[in-house]
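Structure file protein36.pdb (PDB, C-alpha atoms, pLDDT in the B column) is printed below.
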```
MODEL        1
ATOM      1  CA  ASP A1026      61.983 -64.851 156.782  1.00 61.00           C
ATOM      2  CA  GLY A1027      60.934 -62.056 154.427  1.00 69.00           C
ATOM      3  CA  GLY A1028      57.446 -60.660 154.409  1.00 94.00           C
ATOM      4  CA  ILE A1029      54.940 -58.016 155.379  1.00 97.00           C
ATOM      5  CA  THR A1030      53.513 -57.752 158.859  1.00 97.00           C
ATOM      6  CA  GLN A1031      50.465 -55.808 159.945  1.00 97.00           C
ATOM      7  CA  SER A1032      49.345 -55.089 163.461  1.00 96.00           C
ATOM      8  CA  PRO A1033      47.070 -55.357 165.209  1.00 96.00           C
ATOM      9  CA  LYS A1034      45.022 -58.119 163.614  1.00 96.00           C
ATOM     10  CA  TYR A1035      41.815 -56.710 165.112  1.00 96.00           C
ATOM     11  CA  LEU A1036      41.205 -53.114 166.152  1.00 94.00           C
ATOM     12  CA  PHE A1037      38.206 -51.459 167.700  1.00 92.00           C
ATOM     13  CA  ARG A1038      37.629 -47.742 167.520  1.00 89.00           C
ATOM     14  CA  LYS A1039      35.200 -45.530 169.348  1.00 89.00           C
ATOM     15  CA  GLU A1040      33.476 -42.680 167.590  1.00 85.00           C
ATOM     16  CA  GLY A1041      35.728 -39.624 167.323  1.00 86.00           C
ATOM     17  CA  GLN A1042      38.985 -41.500 167.861  1.00 91.00           C
ATOM     18  CA  ASN A1043      41.976 -41.642 165.581  1.00 94.00           C
ATOM     19  CA  VAL A1044      43.649 -45.025 165.254  1.00 95.00           C
ATOM     20  CA  THR A1045      46.896 -46.064 163.590  1.00 96.00           C
ATOM     21  CA  LEU A1046      47.451 -49.314 161.714  1.00 97.00           C
ATOM     22  CA  SER A1047      50.985 -50.600 161.433  1.00 98.00           C
ATOM     23  CA  CYS A1048      52.607 -52.051 158.307  1.00 98.00           C
ATOM     24  CA  GLU A1049      56.217 -53.248 158.206  1.00 98.00           C
ATOM     25  CA  GLN A1050      58.101 -55.029 155.433  1.00 97.00           C
ATOM     26  CA  ASN A1051      61.569 -56.588 155.314  1.00 96.00           C
ATOM     27  CA  LEU A1052      61.562 -57.260 151.582  1.00 94.00           C
ATOM     28  CA  ASN A1053      63.607 -54.147 150.804  1.00 92.00           C
ATOM     29  CA  HIS A1054      60.767 -52.931 148.603  1.00 91.00           C
ATOM     30  CA  ASP A1055      60.614 -49.305 147.534  1.00 89.00           C
ATOM     31  CA  ALA A1056      56.855 -49.036 147.112  1.00 90.00           C
ATOM     32  CA  MET A1057      54.139 -49.588 149.695  1.00 94.00           C
ATOM     33  CA  TYR A1058      50.361 -49.378 149.489  1.00 94.00           C
ATOM     34  CA  TRP A1059      47.246 -49.310 151.643  1.00 97.00           C
ATOM     35  CA  TYR A1060      43.988 -50.818 150.438  1.00 97.00           C
ATOM     36  CA  ARG A1061      40.556 -51.065 151.965  1.00 97.00           C
ATOM     37  CA  GLN A1062      38.332 -54.112 151.394  1.00 96.00           C
ATOM     38  CA  ASP A1063      34.564 -54.062 151.980  1.00 94.00           C
ATOM     39  CA  PRO A1064      32.192 -57.002 151.459  1.00 87.00           C
ATOM     40  CA  GLY A1065      31.080 -57.319 147.841  1.00 81.00           C
ATOM     41  CA  GLN A1066      33.571 -54.722 146.630  1.00 83.00           C
ATOM     42  CA  GLY A1067      37.009 -54.956 145.142  1.00 85.00           C
ATOM     43  CA  LEU A1068      40.018 -53.628 146.978  1.00 94.00           C
ATOM     44  CA  ARG A1069      40.278 -49.858 146.811  1.00 94.00           C
ATOM     45  CA  LEU A1070      43.529 -47.926 147.010  1.00 93.00           C
ATOM     46  CA  ILE A1071      43.804 -45.448 149.903  1.00 96.00           C
ATOM     47  CA  TYR A1072      47.407 -44.217 149.693  1.00 96.00           C
ATOM     48  CA  TYR A1073      50.645 -45.356 148.155  1.00 92.00           C
ATOM     49  CA  SER A1074      54.296 -44.450 148.532  1.00 92.00           C
ATOM     50  CA  GLN A1075      56.931 -44.962 145.885  1.00 88.00           C
ATOM     51  CA  ILE A1076      59.863 -43.853 148.002  1.00 88.00           C
ATOM     52  CA  VAL A1077      60.730 -42.719 151.510  1.00 93.00           C
ATOM     53  CA  ASN A1078      59.295 -39.334 152.492  1.00 94.00           C
ATOM     54  CA  ASP A1079      56.893 -39.322 149.563  1.00 92.00           C
ATOM     55  CA  PHE A1080      53.324 -40.592 149.229  1.00 94.00           C
ATOM     56  CA  GLN A1081      50.324 -40.066 146.990  1.00 92.00           C
ATOM     57  CA  LYS A1082      46.566 -40.210 147.474  1.00 94.00           C
ATOM     58  CA  GLY A1083      44.711 -43.137 146.013  1.00 92.00           C
ATOM     59  CA  ASP A1084      41.046 -43.322 145.110  1.00 91.00           C
ATOM     60  CA  ILE A1085      39.617 -43.013 148.630  1.00 95.00           C
ATOM     61  CA  ALA A1086      42.107 -40.985 150.696  1.00 96.00           C
ATOM     62  CA  GLU A1087      39.596 -38.768 152.525  1.00 96.00           C
ATOM     63  CA  GLY A1088      39.674 -39.351 156.272  1.00 96.00           C
ATOM     64  CA  TYR A1089      43.026 -41.158 156.170  1.00 97.00           C
ATOM     65  CA  SER A1090      46.638 -40.080 156.598  1.00 97.00           C
ATOM     66  CA  VAL A1091      49.986 -41.816 156.167  1.00 98.00           C
ATOM     67  CA  SER A1092      53.701 -41.264 156.689  1.00 97.00           C
ATOM     68  CA  ARG A1093      56.778 -42.866 155.159  1.00 97.00           C
ATOM     69  CA  GLU A1094      59.756 -41.969 157.317  1.00 97.00           C
ATOM     70  CA  LYS A1095      61.464 -45.313 156.850  1.00 97.00           C
ATOM     71  CA  LYS A1096      61.633 -47.644 153.891  1.00 96.00           C
ATOM     72  CA  GLU A1097      60.354 -50.531 155.990  1.00 97.00           C
ATOM     73  CA  SER A1098      57.344 -48.824 157.519  1.00 98.00           C
ATOM     74  CA  PHE A1099      54.138 -47.257 156.176  1.00 98.00           C
ATOM     75  CA  PRO A1100      51.626 -46.611 158.982  1.00 98.00           C
ATOM     76  CA  LEU A1101      48.032 -45.639 158.207  1.00 98.00           C
ATOM     77  CA  THR A1102      46.005 -43.392 160.503  1.00 97.00           C
ATOM     78  CA  VAL A1103      42.241 -43.580 160.294  1.00 96.00           C
ATOM     79  CA  THR A1104      40.993 -40.243 161.512  1.00 94.00           C
ATOM     80  CA  SER A1105      37.648 -39.277 162.985  1.00 89.00           C
ATOM     81  CA  ALA A1106      36.878 -37.626 159.641  1.00 88.00           C
ATOM     82  CA  GLN A1107      36.490 -41.051 158.044  1.00 89.00           C
ATOM     83  CA  LYS A1108      32.745 -41.578 158.316  1.00 87.00           C
ATOM     84  CA  ASN A1109      32.595 -45.285 157.610  1.00 90.00           C
ATOM     85  CA  PRO A1110      35.895 -46.809 158.712  1.00 92.00           C
ATOM     86  CA  THR A1111      34.713 -50.334 159.501  1.00 94.00           C
ATOM     87  CA  ALA A1112      36.538 -52.507 156.955  1.00 96.00           C
ATOM     88  CA  PHE A1113      39.425 -54.875 156.360  1.00 97.00           C
ATOM     89  CA  TYR A1114      42.654 -52.978 155.690  1.00 98.00           C
ATOM     90  CA  LEU A1115      45.449 -54.486 153.631  1.00 97.00           C
ATOM     91  CA  CYS A1116      48.983 -53.280 153.216  1.00 97.00           C
ATOM     92  CA  ALA A1117      51.100 -54.264 150.215  1.00 96.00           C
ATOM     93  CA  SER A1118      54.556 -53.641 148.829  1.00 94.00           C
ATOM     94  CA  SER A1119      56.416 -54.002 145.552  1.00 90.00           C
ATOM     95  CA  ALA A1120      59.991 -53.647 144.404  1.00 86.00           C
ATOM     96  CA  SER A1121      59.532 -50.471 142.394  1.00 73.00           C
ATOM     97  CA  THR A1122      57.022 -48.332 140.591  1.00 61.00           C
ATOM     98  CA  LEU A1123      59.312 -47.166 137.827  1.00 63.00           C
ATOM     99  CA  ALA A1124      57.073 -46.137 134.947  1.00 58.00           C
ATOM    100  CA  GLY A1125      56.916 -48.839 132.341  1.00 58.00           C
ATOM    101  CA  VAL A1126      58.064 -51.527 134.733  1.00 65.00           C
ATOM    102  CA  TYR A1127      55.614 -53.585 136.714  1.00 68.00           C
ATOM    103  CA  ASN A1128      56.592 -55.457 139.830  1.00 79.00           C
ATOM    104  CA  GLU A1129      54.442 -57.952 141.631  1.00 87.00           C
ATOM    105  CA  GLN A1130      52.567 -56.665 144.681  1.00 90.00           C
ATOM    106  CA  PHE A1131      52.774 -58.684 147.889  1.00 93.00           C
ATOM    107  CA  PHE A1132      50.256 -58.354 150.694  1.00 96.00           C
ATOM    108  CA  GLY A1133      50.239 -58.491 154.454  1.00 97.00           C
ATOM    109  CA  PRO A1134      47.707 -60.442 156.546  1.00 96.00           C
ATOM    110  CA  GLY A1135      45.403 -57.456 157.104  1.00 97.00           C
ATOM    111  CA  THR A1136      43.849 -55.564 160.008  1.00 97.00           C
ATOM    112  CA  ARG A1137      40.132 -55.687 160.653  1.00 96.00           C
ATOM    113  CA  LEU A1138      38.903 -52.370 162.031  1.00 95.00           C
ATOM    114  CA  THR A1139      35.519 -52.117 163.709  1.00 94.00           C
ATOM    115  CA  VAL A1140      33.887 -48.922 164.919  1.00 89.00           C
ATOM    116  CA  LEU A1141      31.947 -49.346 168.145  1.00 85.00           C
TER     117      LEU A1141
ATOM    118  CA  LYS B1099      38.351 -45.641 133.962  1.00 78.00           C
ATOM    119  CA  GLN B1100      39.373 -49.255 134.167  1.00 83.00           C
ATOM    120  CA  GLU B1101      36.728 -51.634 135.448  1.00 89.00           C
ATOM    121  CA  VAL B1102      37.410 -55.263 136.249  1.00 93.00           C
ATOM    122  CA  THR B1103      34.636 -57.848 136.428  1.00 94.00           C
ATOM    123  CA  GLN B1104      34.717 -61.410 137.671  1.00 96.00           C
ATOM    124  CA  ILE B1105      31.816 -63.699 136.884  1.00 94.00           C
ATOM    125  CA  PRO B1106      30.513 -65.823 138.489  1.00 94.00           C
ATOM    126  CA  ALA B1107      30.745 -64.495 142.028  1.00 95.00           C
ATOM    127  CA  ALA B1108      30.719 -68.057 143.355  1.00 97.00           C
ATOM    128  CA  LEU B1109      31.504 -71.449 141.873  1.00 97.00           C
ATOM    129  CA  SER B1110      31.351 -75.000 143.246  1.00 97.00           C
ATOM    130  CA  VAL B1111      32.963 -77.949 141.504  1.00 97.00           C
ATOM    131  CA  PRO B1112      33.714 -81.555 142.478  1.00 97.00           C
ATOM    132  CA  GLU B1113      37.243 -82.455 143.461  1.00 98.00           C
ATOM    133  CA  GLY B1114      39.462 -83.519 140.590  1.00 97.00           C
ATOM    134  CA  GLU B1115      37.801 -81.417 137.914  1.00 97.00           C
ATOM    135  CA  ASN B1116      39.611 -78.843 135.844  1.00 98.00           C
ATOM    136  CA  LEU B1117      38.090 -75.368 135.997  1.00 97.00           C
ATOM    137  CA  VAL B1118      38.412 -71.882 134.572  1.00 97.00           C
ATOM    138  CA  LEU B1119      37.914 -68.576 136.360  1.00 98.00           C
ATOM    139  CA  ASN B1120      37.172 -65.497 134.292  1.00 97.00           C
ATOM    140  CA  CYS B1121      38.271 -61.887 134.549  1.00 96.00           C
ATOM    141  CA  SER B1122      37.113 -59.129 132.174  1.00 95.00           C
ATOM    142  CA  PHE B1123      38.415 -55.599 131.935  1.00 91.00           C
ATOM    143  CA  THR B1124      37.146 -52.565 130.048  1.00 89.00           C
ATOM    144  CA  ASP B1125      40.366 -50.815 129.088  1.00 82.00           C
ATOM    145  CA  SER B1126      42.498 -52.712 126.575  1.00 78.00           C
ATOM    146  CA  ALA B1127      45.437 -50.491 127.542  1.00 79.00           C
ATOM    147  CA  ILE B1128      45.900 -52.740 130.537  1.00 80.00           C
ATOM    148  CA  TYR B1129      49.589 -53.140 131.184  1.00 79.00           C
ATOM    149  CA  ASN B1130      49.660 -56.272 133.267  1.00 85.00           C
ATOM    150  CA  LEU B1131      47.398 -58.602 135.171  1.00 91.00           C
ATOM    151  CA  GLN B1132      47.907 -60.258 138.512  1.00 94.00           C
ATOM    152  CA  TRP B1133      45.890 -63.142 139.999  1.00 97.00           C
ATOM    153  CA  PHE B1134      45.571 -63.505 143.759  1.00 97.00           C
ATOM    154  CA  ARG B1135      44.093 -65.980 146.186  1.00 97.00           C
ATOM    155  CA  GLN B1136      42.418 -64.906 149.422  1.00 97.00           C
ATOM    156  CA  ASP B1137      41.410 -67.246 152.226  1.00 96.00           C
ATOM    157  CA  PRO B1138      38.671 -66.066 154.623  1.00 93.00           C
ATOM    158  CA  GLY B1139      39.901 -63.313 156.928  1.00 91.00           C
ATOM    159  CA  LYS B1140      43.388 -63.379 155.424  1.00 94.00           C
ATOM    160  CA  GLY B1141      45.518 -61.244 153.169  1.00 94.00           C
ATOM    161  CA  LEU B1142      46.074 -61.819 149.466  1.00 96.00           C
ATOM    162  CA  THR B1143      48.539 -64.349 148.123  1.00 96.00           C
ATOM    163  CA  SER B1144      49.970 -63.607 144.703  1.00 95.00           C
ATOM    164  CA  LEU B1145      49.525 -66.514 142.300  1.00 97.00           C
ATOM    165  CA  LEU B1146      50.586 -65.338 138.873  1.00 96.00           C
ATOM    166  CA  LEU B1147      51.643 -62.123 137.193  1.00 92.00           C
ATOM    167  CA  ILE B1148      51.279 -61.627 133.446  1.00 91.00           C
ATOM    168  CA  GLN B1149      53.336 -58.777 132.081  1.00 85.00           C
ATOM    169  CA  SER B1150      52.197 -56.673 129.133  1.00 79.00           C
ATOM    170  CA  SER B1151      54.427 -58.499 126.673  1.00 83.00           C
ATOM    171  CA  GLN B1152      53.286 -61.945 127.818  1.00 88.00           C
ATOM    172  CA  ARG B1153      50.197 -63.946 126.969  1.00 92.00           C
ATOM    173  CA  GLU B1154      50.287 -66.516 129.741  1.00 95.00           C
ATOM    174  CA  GLN B1155      52.031 -67.717 132.854  1.00 95.00           C
ATOM    175  CA  THR B1156      52.119 -71.110 134.529  1.00 97.00           C
ATOM    176  CA  SER B1157      52.810 -72.242 138.061  1.00 96.00           C
ATOM    177  CA  GLY B1158      52.185 -75.847 138.972  1.00 97.00           C
ATOM    178  CA  ARG B1159      48.516 -76.650 138.373  1.00 98.00           C
ATOM    179  CA  LEU B1160      47.719 -73.022 137.574  1.00 98.00           C
ATOM    180  CA  ASN B1161      47.799 -71.353 134.197  1.00 98.00           C
ATOM    181  CA  ALA B1162      46.766 -67.763 133.570  1.00 97.00           C
ATOM    182  CA  SER B1163      46.270 -66.179 130.175  1.00 96.00           C
ATOM    183  CA  LEU B1164      45.812 -62.597 129.057  1.00 93.00           C
ATOM    184  CA  ASP B1165      44.073 -61.474 125.866  1.00 92.00           C
ATOM    185  CA  LYS B1166      44.133 -57.697 125.772  1.00 87.00           C
ATOM    186  CA  SER B1167      42.269 -57.465 122.476  1.00 88.00           C
ATOM    187  CA  SER B1168      39.212 -59.179 123.935  1.00 91.00           C
ATOM    188  CA  GLY B1169      39.603 -57.699 127.402  1.00 91.00           C
ATOM    189  CA  ARG B1170      39.834 -61.056 129.128  1.00 94.00           C
ATOM    190  CA  SER B1171      42.044 -63.054 131.404  1.00 95.00           C
ATOM    191  CA  THR B1172      41.439 -66.597 132.567  1.00 97.00           C
ATOM    192  CA  LEU B1173      42.863 -68.641 135.414  1.00 98.00           C
ATOM    193  CA  TYR B1174      42.888 -72.357 134.717  1.00 98.00           C
ATOM    194  CA  ILE B1175      43.158 -74.744 137.664  1.00 98.00           C
ATOM    195  CA  ALA B1176      43.920 -78.354 136.827  1.00 98.00           C
ATOM    196  CA  ALA B1177      42.897 -81.343 138.929  1.00 98.00           C
ATOM    197  CA  SER B1178      41.198 -79.244 141.609  1.00 97.00           C
ATOM    198  CA  GLN B1179      41.688 -80.096 145.285  1.00 97.00           C
ATOM    199  CA  PRO B1180      39.730 -79.096 148.425  1.00 97.00           C
ATOM    200  CA  GLY B1181      42.705 -76.904 149.396  1.00 97.00           C
ATOM    201  CA  ASP B1182      42.023 -74.776 146.331  1.00 98.00           C
ATOM    202  CA  SER B1183      38.843 -73.490 147.974  1.00 98.00           C
ATOM    203  CA  ALA B1184      39.271 -69.738 148.380  1.00 98.00           C
ATOM    204  CA  THR B1185      38.328 -66.449 146.759  1.00 97.00           C
ATOM    205  CA  TYR B1186      40.298 -65.670 143.614  1.00 98.00           C
ATOM    206  CA  LEU B1187      40.873 -62.044 142.665  1.00 97.00           C
ATOM    207  CA  CYS B1188      42.287 -60.556 139.503  1.00 96.00           C
ATOM    208  CA  ALA B1189      43.768 -57.077 139.269  1.00 94.00           C
ATOM    209  CA  GLY B1190      44.871 -55.062 136.281  1.00 90.00           C
ATOM    210  CA  GLY B1191      47.541 -52.397 136.160  1.00 84.00           C
ATOM    211  CA  SER B1192      47.824 -49.405 133.881  1.00 75.00           C
ATOM    212  CA  ASN B1193      51.011 -48.316 132.169  1.00 61.00           C
ATOM    213  CA  PHE B1194      51.521 -45.547 134.688  1.00 59.00           C
ATOM    214  CA  GLY B1195      53.328 -47.815 137.088  1.00 57.00           C
ATOM    215  CA  ASN B1196      51.991 -50.482 139.348  1.00 56.00           C
ATOM    216  CA  GLU B1197      50.352 -48.233 141.876  1.00 64.00           C
ATOM    217  CA  LYS B1198      47.155 -48.196 139.899  1.00 73.00           C
ATOM    218  CA  LEU B1199      45.949 -51.751 140.295  1.00 87.00           C
ATOM    219  CA  THR B1200      42.210 -52.114 139.753  1.00 91.00           C
ATOM    220  CA  PHE B1201      40.707 -55.153 141.437  1.00 94.00           C
ATOM    221  CA  GLY B1202      37.755 -57.316 140.536  1.00 94.00           C
ATOM    222  CA  THR B1203      35.348 -58.389 143.272  1.00 93.00           C
ATOM    223  CA  GLY B1204      36.505 -61.993 143.098  1.00 96.00           C
ATOM    224  CA  THR B1205      35.134 -65.481 142.516  1.00 97.00           C
ATOM    225  CA  ARG B1206      34.559 -67.600 145.616  1.00 97.00           C
ATOM    226  CA  LEU B1207      35.571 -71.135 144.687  1.00 98.00           C
ATOM    227  CA  THR B1208      34.465 -74.204 146.621  1.00 98.00           C
ATOM    228  CA  ILE B1209      35.900 -77.618 145.774  1.00 98.00           C
ATOM    229  CA  ILE B1210      33.583 -80.388 146.888  1.00 97.00           C
ATOM    230  CA  PRO B1211      35.390 -83.502 148.220  1.00 95.00           C
TER     231      PRO B1211
ENDMDL
END
```

Please express what this file holds, its structure, as structure tokens.
Amino acid sequence: DGGITQSPKYLFRKEGQNVTLSCEQNLNHDAMYWYRQDPGQGLRLIYYSQIVNDFQKGDIAEGYSVSREKKESFPLTVTSAQKNPTAFYLCASSASTLAGVYNEQFFGPGTRLTVL
Amino acid sequence: KQEVTQIPAALSVPEGENLVLNCSFTDSAIYNLQWFRQDPGKGLTSLLLIQSSQREQTSGRLNASLDKSSGRSTLYIAASQPGDSATYLCAGGSNFGNEKLTFGTGTRLTIIP
């Protein structure tokens, strides 16, 4: 059953802690993305990766870090430098980001992060 | 910078009615447009993708159109059902590849039984 999984579903972080959100896909997609969703705002792009061992900053990358060591996995670390991390985090993937070709983005179920 | 607007923010209609959701964008160089559905506390489900060379796409009771010259896309839902209640989001992509999706804030749709 192909899809995108995110874990955990809920995550609580204390001040000063780093936390890592997991995103795995078995769709054989090249590209993966992390978005942040806040109430009343559209989704905002944090980081994206077009291929293994490569990733690019999105619009709001400060305080976040990622890695792409495997095609299937794109974990997001929310560091203590992120001043307002409470949000709903969504991971997505698509077949390719070849310039001039658009492929549909598919999303995971999300992780809700709350800072205590 | 591309901006995507969805008005109204919320909409309630009786079951069985046909309805239209609106999406406006500022940059006519939009390359594609994707419509999503989001249920409360859940991820996004892709509904329809309109490529740059297309003007509309259909899936079941859903029909989405794209008019780049006017900066508008619409999502038409026929014969609405209570199960259609959700937030509907549109997102536009630039011609630099699909990593640059810009999302609207969504329309929360409630179908009244």

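Shortest separation to Gln1100 of chain B among B:Ser1171, B:Thr1208, B:Leu1199, B:Ser1151 occurs at residue B:Leu1199, atoms counted being all atoms listed in the file.
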
Selected residue, from A:Ser1105, A:Ser1090, A:Ser1047, A:Thr1136, that lies nearest to chain B when counting all atoms listed in the file: A:Thr1136

Give me, as a VMD selection string, all polymer residues having an atom no more than 12 Å from Val1118 of chain B, counting only C-alpha atoms and skipping those fewer than 2 positions away in the same chain. chain B and resid 1104 to 1106 1109 to 1111 1115 to 1116 1120 to 1121 1159 to 1163 1171 to 1178 1186 1205 1207

Could you work out which residues of chain B fall inside 9 Å of chain A? Count all atoms listed in the file, and format the result as a list in words.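 For chain B, the answer reads Val1102, Tyr1129, Asn1130, Gln1132, Gly1139, Lys1140, Gly1141, Leu1142, Thr1143, Ser1144, Leu1146, Leu1147, Gln1149, Ser1150, Leu1187, Gly1191, Asn1193, Phe1194, Gly1195, Asn1196, Glu1197, Lys1198, Leu1199, Thr1200, Phe1201, Gly1202, Thr1203 and Gly1204 of chain B.
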
Can you list what the PyMOL selection byres ((chain A and resi 1104) around 8) grabs from this structure, as a PyMOL selection string? chain A and resi 1041-1044+1088-1090+1102-1103+1105-1107

Where is the centre and how long are the edges: axis-aligned box on segment 1111-1115 of chain A, 3 Å on each side, Å to one decimal, as lines of an AutoDock Vina configuration file:
```
center_x = 40.1
center_y = -52.6
center_z = 156.6
size_x = 16.7
size_y = 10.5
size_z = 11.9
```

On this structure, which residues satisfy the PyMOL selection byres ((chain A and resi 1100) around 7), written as number ranges by chain? A: 1045-1048, 1091-1092, 1098-1099, 1101-1102

Only N, CA and C atoms, as a PDB file, in the first residue's frame: that is what I want for segment 1130-1152 of chain B.
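What ended up in result-v9.pdb:
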```pdb
ATOM      1  N   ASN B1130       0.927  25.873 -13.036  1.00  0.00           N
ATOM      2  CA  ASN B1130      -0.018  24.794 -12.791  1.00  0.00           C
ATOM      3  C   ASN B1130      -0.810  25.137 -11.545  1.00  0.00           C
ATOM      4  N   LEU B1131      -1.887  24.431 -11.321  1.00  0.00           N
ATOM      5  CA  LEU B1131      -2.680  24.677 -10.133  1.00  0.00           C
ATOM      6  C   LEU B1131      -3.228  23.358  -9.607  1.00  0.00           C
ATOM      7  N   GLN B1132      -3.085  23.187  -8.302  1.00  0.00           N
ATOM      8  CA  GLN B1132      -3.520  21.944  -7.685  1.00  0.00           C
ATOM      9  C   GLN B1132      -4.552  22.273  -6.617  1.00  0.00           C
ATOM     10  N   TRP B1133      -5.645  21.515  -6.577  1.00  0.00           N
ATOM     11  CA  TRP B1133      -6.671  21.641  -5.544  1.00  0.00           C
ATOM     12  C   TRP B1133      -6.529  20.474  -4.574  1.00  0.00           C
ATOM     13  N   PHE B1134      -6.652  20.818  -3.277  1.00  0.00           N
ATOM     14  CA  PHE B1134      -6.548  19.823  -2.220  1.00  0.00           C
ATOM     15  C   PHE B1134      -7.772  19.910  -1.313  1.00  0.00           C
ATOM     16  N   ARG B1135      -7.981  18.825  -0.608  1.00  0.00           N
ATOM     17  CA  ARG B1135      -8.987  18.778   0.456  1.00  0.00           C
ATOM     18  C   ARG B1135      -8.258  18.450   1.753  1.00  0.00           C
ATOM     19  N   GLN B1136      -8.668  19.118   2.845  1.00  0.00           N
ATOM     20  CA  GLN B1136      -8.098  18.820   4.149  1.00  0.00           C
ATOM     21  C   GLN B1136      -9.216  18.663   5.175  1.00  0.00           C
ATOM     22  N   ASP B1137      -9.267  17.502   5.801  1.00  0.00           N
ATOM     23  CA  ASP B1137     -10.189  17.270   6.903  1.00  0.00           C
ATOM     24  C   ASP B1137      -9.522  17.715   8.195  1.00  0.00           C
ATOM     25  N   PRO B1138     -10.292  18.065   9.218  1.00  0.00           N
ATOM     26  CA  PRO B1138      -9.706  18.601  10.458  1.00  0.00           C
ATOM     27  C   PRO B1138      -8.631  17.696  11.047  1.00  0.00           C
ATOM     28  N   GLY B1139      -7.470  18.256  11.306  1.00  0.00           N
ATOM     29  CA  GLY B1139      -6.380  17.519  11.932  1.00  0.00           C
ATOM     30  C   GLY B1139      -5.695  16.509  11.026  1.00  0.00           C
ATOM     31  N   LYS B1140      -5.993  16.554   9.744  1.00  0.00           N
ATOM     32  CA  LYS B1140      -5.434  15.578   8.807  1.00  0.00           C
ATOM     33  C   LYS B1140      -4.522  16.242   7.780  1.00  0.00           C
ATOM     34  N   GLY B1141      -3.866  15.396   6.996  1.00  0.00           N
ATOM     35  CA  GLY B1141      -3.052  15.904   5.909  1.00  0.00           C
ATOM     36  C   GLY B1141      -3.908  16.322   4.719  1.00  0.00           C
ATOM     37  N   LEU B1142      -3.240  16.721   3.647  1.00  0.00           N
ATOM     38  CA  LEU B1142      -3.948  17.153   2.446  1.00  0.00           C
ATOM     39  C   LEU B1142      -4.150  15.987   1.486  1.00  0.00           C
ATOM     40  N   THR B1143      -5.325  15.966   0.876  1.00  0.00           N
ATOM     41  CA  THR B1143      -5.613  14.981  -0.159  1.00  0.00           C
ATOM     42  C   THR B1143      -5.707  15.705  -1.492  1.00  0.00           C
ATOM     43  N   SER B1144      -4.911  15.276  -2.449  1.00  0.00           N
ATOM     44  CA  SER B1144      -4.940  15.913  -3.761  1.00  0.00           C
ATOM     45  C   SER B1144      -6.230  15.558  -4.482  1.00  0.00           C
ATOM     46  N   LEU B1145      -6.889  16.587  -5.020  1.00  0.00           N
ATOM     47  CA  LEU B1145      -8.145  16.381  -5.744  1.00  0.00           C
ATOM     48  C   LEU B1145      -7.933  16.451  -7.251  1.00  0.00           C
ATOM     49  N   LEU B1146      -7.369  17.540  -7.694  1.00  0.00           N
ATOM     50  CA  LEU B1146      -7.204  17.766  -9.128  1.00  0.00           C
ATOM     51  C   LEU B1146      -5.947  18.582  -9.376  1.00  0.00           C
ATOM     52  N   LEU B1147      -5.294  18.286 -10.464  1.00  0.00           N
ATOM     53  CA  LEU B1147      -4.118  19.034 -10.901  1.00  0.00           C
ATOM     54  C   LEU B1147      -4.377  19.531 -12.304  1.00  0.00           C
ATOM     55  N   ILE B1148      -4.224  20.842 -12.511  1.00  0.00           N
ATOM     56  CA  ILE B1148      -4.359  21.422 -13.844  1.00  0.00           C
ATOM     57  C   ILE B1148      -2.981  21.867 -14.302  1.00  0.00           C
ATOM     58  N   GLN B1149      -2.512  21.262 -15.363  1.00  0.00           N
ATOM     59  CA  GLN B1149      -1.207  21.619 -15.904  1.00  0.00           C
ATOM     60  C   GLN B1149      -1.314  22.930 -16.690  1.00  0.00           C
ATOM     61  N   SER B1150      -0.173  23.516 -16.976  1.00  0.00           N
ATOM     62  CA  SER B1150      -0.117  24.806 -17.658  1.00  0.00           C
ATOM     63  C   SER B1150      -0.854  24.805 -18.986  1.00  0.00           C
ATOM     64  N   SER B1151      -0.785  23.720 -19.696  1.00  0.00           N
ATOM     65  CA  SER B1151      -1.385  23.654 -21.037  1.00  0.00           C
ATOM     66  C   SER B1151      -2.869  23.309 -21.001  1.00  0.00           C
ATOM     67  N   GLN B1152      -3.394  23.047 -19.814  1.00  0.00           N
ATOM     68  CA  GLN B1152      -4.795  22.636 -19.686  1.00  0.00           C
ATOM     69  C   GLN B1152      -5.640  23.789 -19.171  1.00  0.00           C
TER      70      GLN B1152
END
```
